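Trainee: Please read through the structure below; I'll follow up with questions.
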Amino acid sequence: MKVTVRFAPSPTGHIHIGNSRTALFNWLFAHQHDGEFILRFDDTDRERSRDEFAEAIKVDLAWLGIRPHRVERQSDRVALYDAAAEKLKADGLLYPCFETPDELERRRSRARALGRPPVYDRAALKLTDEEKAALESEGRRPHWRFLLPNYDDDPFETKRTEVTWNDLCRGEQSVDLASLSDPILIREDGSYLYTLPSIVDDIEMGVTHVIRGEDHVANTGVQYAIFQALGAAGPVFAHHNLLTTRDGEGLSKRKGALSIGSLRDAGLEPMAVSSLAVLTGTSQAVEPVPSLEALATRFDLSTVSRSSAKFDPCDLEGLNARLVHDMPFDAVSDRLSRMGIRPTQIFWETVRENCSKVSDACQYWHIVTGPLEGAIDDDDREFVGKAREMLPEGDVDLETWGSWTSALKAETGRKGKSLFMPLRKALTGLEHGPDMKALLPLIGRQNILDRLPG
Ligand code: GLU
């Protein structure tokens with residue numbers, strides 16, 4: 001059977017690095033199994049869903065290298081959900097309830113006060129047709145609950161009913177359906193909560209594996225029951241731990257914290273973000289991996305840890321720098337051009353080890369091309385003037401720095417830092433930077449002479 005997965009965000013905000021963990025897990029799993037990745041927008045919440053968020057999510061996924069095989073929106077598929085709801089109603093498994101949120105809250109408090117679990121008591125199942133008609137004529141609209149299969153003959157006599165599954169991240173899991181309230185599938189205004197549309201889509205789209213955050217574990221028991229009521233076996237589930245910052249704080253989509261867009265705008269590489277998002281909270285080392293294909297060769301759901309996946313956003317910078325240091329010229333030349341650099345392989349290979357971000361190359365391009373006023377301390381003026389006089393004739397090449405500084409050492413008696421630093425500062429304006437031997441030919445004779453006052 002073809003492996004089919006889906007990433008199912010609600011387009012109610014921008015996705016952040018924690019959401020990207022779920023998207024990447026699905027993408028990598030599909031990639032490993034030559035399967036299909038569906039991007040499904042769970043946009044049944046009409047008030048909060050926005051087209052611009054859906055578009056932004058597509059852009060963010062594309063930046064990470066995720067190109068869905070198929071994109072769907074639940075708002076286009078309501079007829080399918082209606083058909084499923086009708087079937088459940090006809091089977092007596094979806095029943096109308098008229099309690100207001102206040103009434104429900106009062107009952108829950110009462111149950112808690114009596115030391116009972118605050119589980120819905122199915123009172124609405126006892127309503128006669130006349131009572132329902134009377135409530136409707138008062139203007140009350142029903143919400144609809146799914147009758148959980150947690151009883152033998154009498155729905156008011158529930159019994160322990162374990163739903164078990166072998167979770168690809170968490171191992172054997174079980175939920176007792178008798179400990180849960182019948183879930184509301186349809187709101188009073190007729191709109192669907194996420195549960196039923198998600199199940200209908202997972203069945204209709206042939207989803208074989210649902211990989212999502214562990215905040216959904218408790219839903220899975222209910223969802224299995226609904227899959228069965230709709231005549232399907234249900235997919236394999238994997239619930240991964242959620243990314244949190246070091247202090248354990250979760251990432252909220254609406255706060256804009258660590259959004260993929262903000263990480264992109266900060267000049268981070270997508271693979272720095274993906275390496276951290278995928279490898280954190282697993283038994284594997286968090287290290288920079290150069291491509292999603294390479295990440296797919298080490299990705300393994302069974303290495304996902306049971307505890308939370310804590311990370312320090314500062315680690316992104318280090319991962320990024322390590323990626324940039326090894327980045328081949330072909331991978332960056334177009335980007336360098338777009339930054340106004342006329343890139344050559346030799347330029348990139350000279351500067352990359354000093355770049356934490358690709359955009360840091362701009363500073364070195366400026367140093368190479370000039371004009372630039374270097375920094376010369378008063379004590380070094382005479383020495384720098386001498387250096388100008390003694391710059392070897394002919395082409396400036398990889399030999400020049402060595403022969404120039406040897407001659408200057410012999411002439412002035414300077415050595416070590418007092419020999420090299422004044423030249424570096426005069427020629428680049430910086431105290432640190434790429435190897436001067438390699439940088440010198442790129443700066444070129446004219447720029448060198450212009451930066452060394454005679
Ligand atoms: N729209 C749901 C969410 O974002 C999807 C959950 C699921 O993958 O089943 O949490």
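Residues are named by chain letter and number: chains run A, B, ... in the order of the structure tokens, numbers start at 1 in each chain, and ligands are numbered from 1 in the order shown.
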Hey, what's within 6 Å of range 137-150 of chain A if we count only C-alpha atoms and toss same-chain stuff fewer than 5 positions away? As a list in words, please?

Mentor: Leu93, Leu94, Tyr95, Pro96, Cys97, Phe98, Thr158, Lys159, Thr161, Leu177, Ala178, Asp182, Pro183, Ile184, Leu185, Ile186, Arg187 and Glu188 of chain A

Trainee: If you count only C-alpha atoms and all ligand atoms, which residues end up within 7 Å of ligand 1, as an mmCIF file with all heavy atoms, in the first residue's frame?

Mentor:
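part09.cif written:
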```cif
data_model
loop_
_atom_site.group_PDB
_atom_site.id
_atom_site.type_symbol
_atom_site.label_atom_id
_atom_site.label_comp_id
_atom_site.auth_asym_id
_atom_site.auth_seq_id
_atom_site.Cartn_x
_atom_site.Cartn_y
_atom_site.Cartn_z
ATOM 1 N N PHE A 7 0.015 16.800 6.370
ATOM 2 C CA PHE A 7 0.279 17.840 7.362
ATOM 3 C C PHE A 7 -0.957 18.715 7.300
ATOM 4 O O PHE A 7 -1.347 19.164 6.224
ATOM 5 C CB PHE A 7 1.545 18.605 6.989
ATOM 6 C CG PHE A 7 1.813 19.802 7.863
ATOM 7 C CD1 PHE A 7 1.901 19.663 9.244
ATOM 8 C CD2 PHE A 7 1.997 21.060 7.318
ATOM 9 C CE1 PHE A 7 2.152 20.773 10.057
ATOM 10 C CE2 PHE A 7 2.254 22.163 8.119
ATOM 11 C CZ PHE A 7 2.329 22.020 9.489
ATOM 12 N N ALA A 8 -1.594 18.910 8.473
ATOM 13 C CA ALA A 8 -2.943 19.485 8.454
ATOM 14 C C ALA A 8 -3.042 20.727 9.342
ATOM 15 O O ALA A 8 -3.732 20.715 10.359
ATOM 16 C CB ALA A 8 -3.935 18.414 8.909
ATOM 17 N N PRO A 9 -2.377 21.806 8.955
ATOM 18 C CA PRO A 9 -2.470 23.011 9.801
ATOM 19 C C PRO A 9 -3.804 23.716 9.626
ATOM 20 O O PRO A 9 -4.422 23.629 8.562
ATOM 21 C CB PRO A 9 -1.338 23.894 9.266
ATOM 22 C CG PRO A 9 -1.208 23.502 7.822
ATOM 23 C CD PRO A 9 -1.560 22.035 7.759
ATOM 24 N N SER A 10 -4.229 24.412 10.672
ATOM 25 C CA SER A 10 -5.360 25.334 10.533
ATOM 26 C C SER A 10 -4.754 26.660 10.099
ATOM 27 O O SER A 10 -3.847 27.148 10.764
ATOM 28 C CB SER A 10 -6.069 25.513 11.869
ATOM 29 O OG SER A 10 -6.449 24.259 12.353
ATOM 30 N N ASP A 42 -6.903 22.626 7.443
ATOM 31 C CA ASP A 42 -8.068 22.370 8.297
ATOM 32 C C ASP A 42 -8.720 23.726 8.565
ATOM 33 O O ASP A 42 -8.457 24.375 9.579
ATOM 34 C CB ASP A 42 -7.622 21.694 9.601
ATOM 35 C CG ASP A 42 -7.298 20.211 9.403
ATOM 36 O OD1 ASP A 42 -7.344 19.741 8.248
ATOM 37 O OD2 ASP A 42 -7.000 19.530 10.400
ATOM 38 N N TYR A 194 -12.988 20.061 14.313
ATOM 39 C CA TYR A 194 -11.936 19.432 13.516
ATOM 40 C C TYR A 194 -12.088 17.905 13.382
ATOM 41 O O TYR A 194 -11.767 17.331 12.339
ATOM 42 C CB TYR A 194 -10.590 19.847 14.147
ATOM 43 C CG TYR A 194 -9.578 18.765 14.296
ATOM 44 C CD1 TYR A 194 -8.770 18.421 13.218
ATOM 45 C CD2 TYR A 194 -9.437 18.063 15.486
ATOM 46 C CE1 TYR A 194 -7.843 17.413 13.335
ATOM 47 C CE2 TYR A 194 -8.519 17.062 15.606
ATOM 48 C CZ TYR A 194 -7.724 16.734 14.529
ATOM 49 O OH TYR A 194 -6.817 15.730 14.639
ATOM 50 N N SER A 198 -11.553 15.684 9.785
ATOM 51 C CA SER A 198 -10.211 15.088 9.723
ATOM 52 C C SER A 198 -10.304 13.589 9.435
ATOM 53 O O SER A 198 -9.560 13.052 8.602
ATOM 54 C CB SER A 198 -9.496 15.336 11.059
ATOM 55 O OG SER A 198 -8.236 14.735 11.034
ATOM 56 N N VAL A 210 -0.755 8.817 10.411
ATOM 57 C CA VAL A 210 -0.988 10.156 10.953
ATOM 58 C C VAL A 210 0.157 10.454 11.933
ATOM 59 O O VAL A 210 0.286 9.793 12.969
ATOM 60 C CB VAL A 210 -2.353 10.242 11.666
ATOM 61 C CG1 VAL A 210 -2.464 11.528 12.473
ATOM 62 C CG2 VAL A 210 -3.477 10.167 10.629
ATOM 63 N N ILE A 211 0.992 11.412 11.545
ATOM 64 C CA ILE A 211 2.132 11.790 12.386
ATOM 65 C C ILE A 211 1.850 13.212 12.871
ATOM 66 O O ILE A 211 1.711 14.133 12.069
ATOM 67 C CB ILE A 211 3.453 11.744 11.582
ATOM 68 C CG1 ILE A 211 3.632 10.358 10.949
ATOM 69 C CG2 ILE A 211 4.645 12.110 12.480
ATOM 70 C CD1 ILE A 211 4.778 10.265 9.950
ATOM 71 N N ARG A 212 1.710 13.361 14.184
ATOM 72 C CA ARG A 212 1.319 14.670 14.707
ATOM 73 C C ARG A 212 1.821 14.816 16.142
ATOM 74 O O ARG A 212 2.379 13.869 16.714
ATOM 75 C CB ARG A 212 -0.203 14.814 14.645
ATOM 76 C CG ARG A 212 -0.934 13.738 15.412
ATOM 77 C CD ARG A 212 -2.424 13.834 15.196
ATOM 78 N NE ARG A 212 -3.146 12.817 15.929
ATOM 79 C CZ ARG A 212 -4.455 12.644 15.873
ATOM 80 N NH1 ARG A 212 -5.198 13.418 15.106
ATOM 81 N NH2 ARG A 212 -5.030 11.695 16.571
ATOM 82 N N HIS A 216 -2.245 15.546 20.692
ATOM 83 C CA HIS A 216 -3.421 14.879 20.124
ATOM 84 C C HIS A 216 -3.619 13.445 20.614
ATOM 85 O O HIS A 216 -4.567 12.783 20.186
ATOM 86 C CB HIS A 216 -3.333 14.867 18.592
ATOM 87 C CG HIS A 216 -3.615 16.209 17.978
ATOM 88 N ND1 HIS A 216 -4.879 16.740 17.912
ATOM 89 C CD2 HIS A 216 -2.802 17.130 17.423
ATOM 90 C CE1 HIS A 216 -4.834 17.933 17.336
ATOM 91 N NE2 HIS A 216 -3.587 18.197 17.035
#
```

Trainee: Of the candidates A:Leu243, A:Val286, A:Ile367, A:Leu372, which shows the shortest atom-to-atom distance to Ser308 in chain A, using only C-alpha atoms?

Mentor: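 The closest residue to Ser308 in chain A is A:Leu243.
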
Trainee: Identify all residues of range 81-140 of chain A in strand (DSSP E) (DSSP on the backbone) and supply them as a list in words.

Mentor: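 The strand (DSSP E) subset of range 81-140 of chain A is Leu94, Tyr95, Pro96 and Cys97 of chain A.
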
Trainee: Counting only C-alpha atoms, what is within 10 Å of Phe420 in chain A, bar same-chain residues fewer than 3 positions away, as a PDB file with C-alpha atoms, in the first residue's frame?

Mentor:
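around-v1.pdb written:
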```
ATOM      1  CA  TRP A 401      51.460  37.770   1.702  1.00  0.00           C
ATOM      2  CA  THR A 405      55.523  40.032   5.532  1.00  0.00           C
ATOM      3  CA  LEU A 408      58.801  43.561   6.382  1.00  0.00           C
ATOM      4  CA  LYS A 409      59.857  41.499   9.378  1.00  0.00           C
ATOM      5  CA  ARG A 414      58.368  43.460  13.932  1.00  0.00           C
ATOM      6  CA  LYS A 415      56.930  39.989  14.318  1.00  0.00           C
ATOM      7  CA  GLY A 416      53.725  38.148  15.261  1.00  0.00           C
ATOM      8  CA  LYS A 417      50.715  40.277  15.990  1.00  0.00           C
ATOM      9  CA  LEU A 423      48.209  45.281   7.903  1.00  0.00           C
ATOM     10  CA  ARG A 424      44.973  43.395   8.463  1.00  0.00           C
ATOM     11  CA  LYS A 425      43.356  46.452  10.009  1.00  0.00           C
ATOM     12  CA  GLU A 431      40.795  42.676  13.503  1.00  0.00           C
ATOM     13  CA  MET A 436      45.129  37.295   4.569  1.00  0.00           C
TER      14      MET A 436
END
```

Trainee: In terms of the shortest atom-to-atom distance over only C-alpha atoms, which of A:Ala375, A:Leu125, A:Leu258, A:Val200 is closest to Asp312 in chain A?

Mentor: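 Among A:Ala375, A:Leu125, A:Leu258, A:Val200, it is A:Leu258 that comes nearest to Asp312 in chain A.
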
Trainee: Nearest to His31 in chain A among A:Thr280, A:Thr12, A:Thr412, A:Thr297, with distances taken over only C-alpha atoms: which residue is it?

Mentor: A:Thr297

Trainee: Excluding range 395-399 of chain A and residues on its chain fewer than 6 positions from it, collect all residues at most 9 Å away from it, counting only C-alpha atoms, and give them as a list in words.

Mentor: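 Result of the neighbour search: Lys437, Ala438, Leu439, Leu440, Pro441, Leu442, Ile443, Gly444 and Arg445 of chain A.
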
Trainee: Just write the chosen residues, N, CA and C atoms, as a short mmCIF file (atom, residue, chain, number, x, y, z; two decimals), in the first residue's frame.

Mentor:
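Output contents, as saved in selection02.cif:
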```cif
data_model
loop_
_atom_site.label_atom_id
_atom_site.label_comp_id
_atom_site.auth_asym_id
_atom_site.auth_seq_id
_atom_site.Cartn_x
_atom_site.Cartn_y
_atom_site.Cartn_z
N LYS A 437 46.46 35.65 3.40
CA LYS A 437 47.15 35.10 2.23
C LYS A 437 46.19 34.94 1.06
N ALA A 438 44.99 34.43 1.36
CA ALA A 438 44.00 34.19 0.31
C ALA A 438 43.24 35.47 -0.05
N LEU A 439 43.11 36.33 0.96
CA LEU A 439 42.31 37.54 0.73
C LEU A 439 43.07 38.57 -0.14
N LEU A 440 44.38 38.59 0.04
CA LEU A 440 45.18 39.63 -0.62
C LEU A 440 45.00 39.65 -2.15
N PRO A 441 45.09 38.48 -2.83
CA PRO A 441 44.90 38.54 -4.29
C PRO A 441 43.51 39.04 -4.67
N LEU A 442 42.52 38.78 -3.81
CA LEU A 442 41.15 39.23 -4.13
C LEU A 442 41.05 40.75 -3.96
N ILE A 443 41.76 41.28 -3.00
CA ILE A 443 41.72 42.74 -2.78
C ILE A 443 42.44 43.44 -3.95
N GLY A 444 43.55 42.88 -4.38
CA GLY A 444 44.23 43.39 -5.58
C GLY A 444 45.15 44.58 -5.29
N ARG A 445 46.12 44.74 -6.19
CA ARG A 445 47.18 45.74 -5.98
C ARG A 445 46.64 47.15 -5.77
#
```

Trainee: If you run DSSP on this backbone, which residues of range 269-397 of chain A come out as alpha helix (DSSP H), and could you give them as a ChimeraX atom specification?

Mentor: /A:270-279,292-298,315-325,329-338,345-351,361-369,381-390

Trainee: Go through A:Gly370, A:Gly402, A:Gly267, A:Gly413 one by one, measure the shortest atom-to-atom distance of each to Ser356 in chain A using only C-alpha atoms, and give the residue with the smallest value.

Mentor: A:Gly267

Trainee: Let me make sure I understand: among A:Ala285, A:Met205, A:Ala111, A:Leu230, which one has the smallest atom-to-atom distance to Arg70 in chain A if we use only C-alpha atoms?

Mentor: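 Of A:Ala285, A:Met205, A:Ala111, A:Leu230, the one nearest Arg70 in chain A is A:Met205, counting only C-alpha atoms.
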
Trainee: When distances are computed from only C-alpha atoms, which of A:Arg77, A:Arg106, A:Lys87, A:His16 shows the smallest separation from Ala56 in chain A?

Mentor: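 Closest candidate: A:His16.
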
Trainee: Would you give me, as a tab-separated table, each residue of range 27-119 of chain A having an atom within 10 Å of an atom of range 300-305 of chain A, along with its shortest atom pair and that distance in Å to one decimal, using only C-alpha atoms and sorting by chain and residue number?

Mentor:
```
residue	atom	partner	partner_atom	distance
A:Leu28	CA	A:Asp300	CA	9.1
A:Phe29	CA	A:Asp300	CA	8.3
A:Gln32	CA	A:Asp300	CA	9.7
```

Trainee: Could you save the residues just selected, with N, CA, C and O atoms, as an mmCIF file, in the first residue's frame?

Mentor:
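The resulting file, result.cif, is shown below:
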```cif
data_model
loop_
_atom_site.group_PDB
_atom_site.id
_atom_site.type_symbol
_atom_site.label_atom_id
_atom_site.label_comp_id
_atom_site.auth_asym_id
_atom_site.auth_seq_id
_atom_site.Cartn_x
_atom_site.Cartn_y
_atom_site.Cartn_z
ATOM 1 N N LEU A 28 9.589 13.688 5.723
ATOM 2 C CA LEU A 28 10.710 12.739 5.734
ATOM 3 C C LEU A 28 10.197 11.299 5.699
ATOM 4 O O LEU A 28 10.756 10.447 5.012
ATOM 5 N N PHE A 29 9.105 11.065 6.419
ATOM 6 C CA PHE A 29 8.534 9.706 6.433
ATOM 7 C C PHE A 29 8.051 9.336 5.026
ATOM 8 O O PHE A 29 8.313 8.234 4.530
ATOM 9 N N GLN A 32 11.022 8.648 2.826
ATOM 10 C CA GLN A 32 11.654 7.347 3.096
ATOM 11 C C GLN A 32 10.881 6.197 2.451
ATOM 12 O O GLN A 32 11.456 5.176 2.122
#
```

Trainee: Can you pull out every residue within 9 Å of Arg46 in chain A, counting only C-alpha atoms, but drop anything in the same chain fewer than 4 positions away, and send it as a list in words?

Mentor: Arg50, Ser75 and Ser191 of chain A

Trainee: Got time to write the residues from that selection, N, CA and C atoms, as a PDB file, in the first residue's frame?

Mentor:
```
ATOM      1  N   ARG A  50      -7.811  32.126   7.411  1.00  0.00           N
ATOM      2  CA  ARG A  50      -7.569  33.194   6.427  1.00  0.00           C
ATOM      3  C   ARG A  50      -6.770  32.638   5.253  1.00  0.00           C
ATOM      4  N   SER A  75     -12.612  23.395   3.569  1.00  0.00           N
ATOM      5  CA  SER A  75     -13.795  24.201   3.228  1.00  0.00           C
ATOM      6  C   SER A  75     -14.370  23.823   1.865  1.00  0.00           C
ATOM      7  N   SER A 191     -21.504  24.214  11.954  1.00  0.00           N
ATOM      8  CA  SER A 191     -20.121  24.041  11.483  1.00  0.00           C
ATOM      9  C   SER A 191     -19.477  22.841  12.195  1.00  0.00           C
TER      10      SER A 191
END
```

Trainee: If we count only C-alpha atoms, what is near Gly18 in chain A at a cut-off of 8 Å, once residues fewer than 6 positions away on the same chain are taken out, given as number ranges by chain?

Mentor: A: 242-244, 251, 277

Trainee: Generate a file of the selected residues that holds N, CA and C atoms, formatted as a PDB file, in the first residue's frame.

Mentor:
```pdb
ATOM      1  N   LEU A 242       6.670  17.602  21.669  1.00  0.00           N
ATOM      2  CA  LEU A 242       6.571  18.970  21.129  1.00  0.00           C
ATOM      3  C   LEU A 242       7.836  19.758  21.458  1.00  0.00           C
ATOM      4  N   LEU A 243       8.220  20.604  20.524  1.00  0.00           N
ATOM      5  CA  LEU A 243       9.368  21.483  20.787  1.00  0.00           C
ATOM      6  C   LEU A 243       8.977  22.523  21.830  1.00  0.00           C
ATOM      7  N   THR A 244       9.843  22.712  22.790  1.00  0.00           N
ATOM      8  CA  THR A 244       9.639  23.810  23.748  1.00  0.00           C
ATOM      9  C   THR A 244      10.978  24.519  23.926  1.00  0.00           C
ATOM     10  N   LEU A 251       5.505  26.763  22.117  1.00  0.00           N
ATOM     11  CA  LEU A 251       5.530  27.785  21.072  1.00  0.00           C
ATOM     12  C   LEU A 251       4.106  27.981  20.577  1.00  0.00           C
ATOM     13  N   ALA A 277      14.839  21.325  14.128  1.00  0.00           N
ATOM     14  CA  ALA A 277      13.429  20.956  14.345  1.00  0.00           C
ATOM     15  C   ALA A 277      13.251  19.444  14.371  1.00  0.00           C
TER      16      ALA A 277
END
```

Trainee: Tell me which protein, DNA and RNA residues are within 12 Å of Val59 in chain A, counting only C-alpha atoms, leaving out same-chain ones fewer than 3 positions away, and put them as number ranges by chain.

Mentor: A: 14-15, 52-56, 62-68, 260-261, 264

Trainee: What's the separation between CA of Thr245 in chain A and CA of Cys314 in chain A, in Å to one decimal place?

Mentor: 10.4 Å

Trainee: Go ahead and compute the interatomic distance for CA of Pro343 in chain A and CA of Pro371 in chain A, in Å to one decimal.

Mentor: 17.7 Å

Trainee: Using CA of Ser274 in chain A and CA of Ala238 in chain A as the two end points, give the distance in Å to one decimal.

Mentor: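 Value for the CA of Ser274 in chain A-CA of Ala238 in chain A distance: 19.1 Å.
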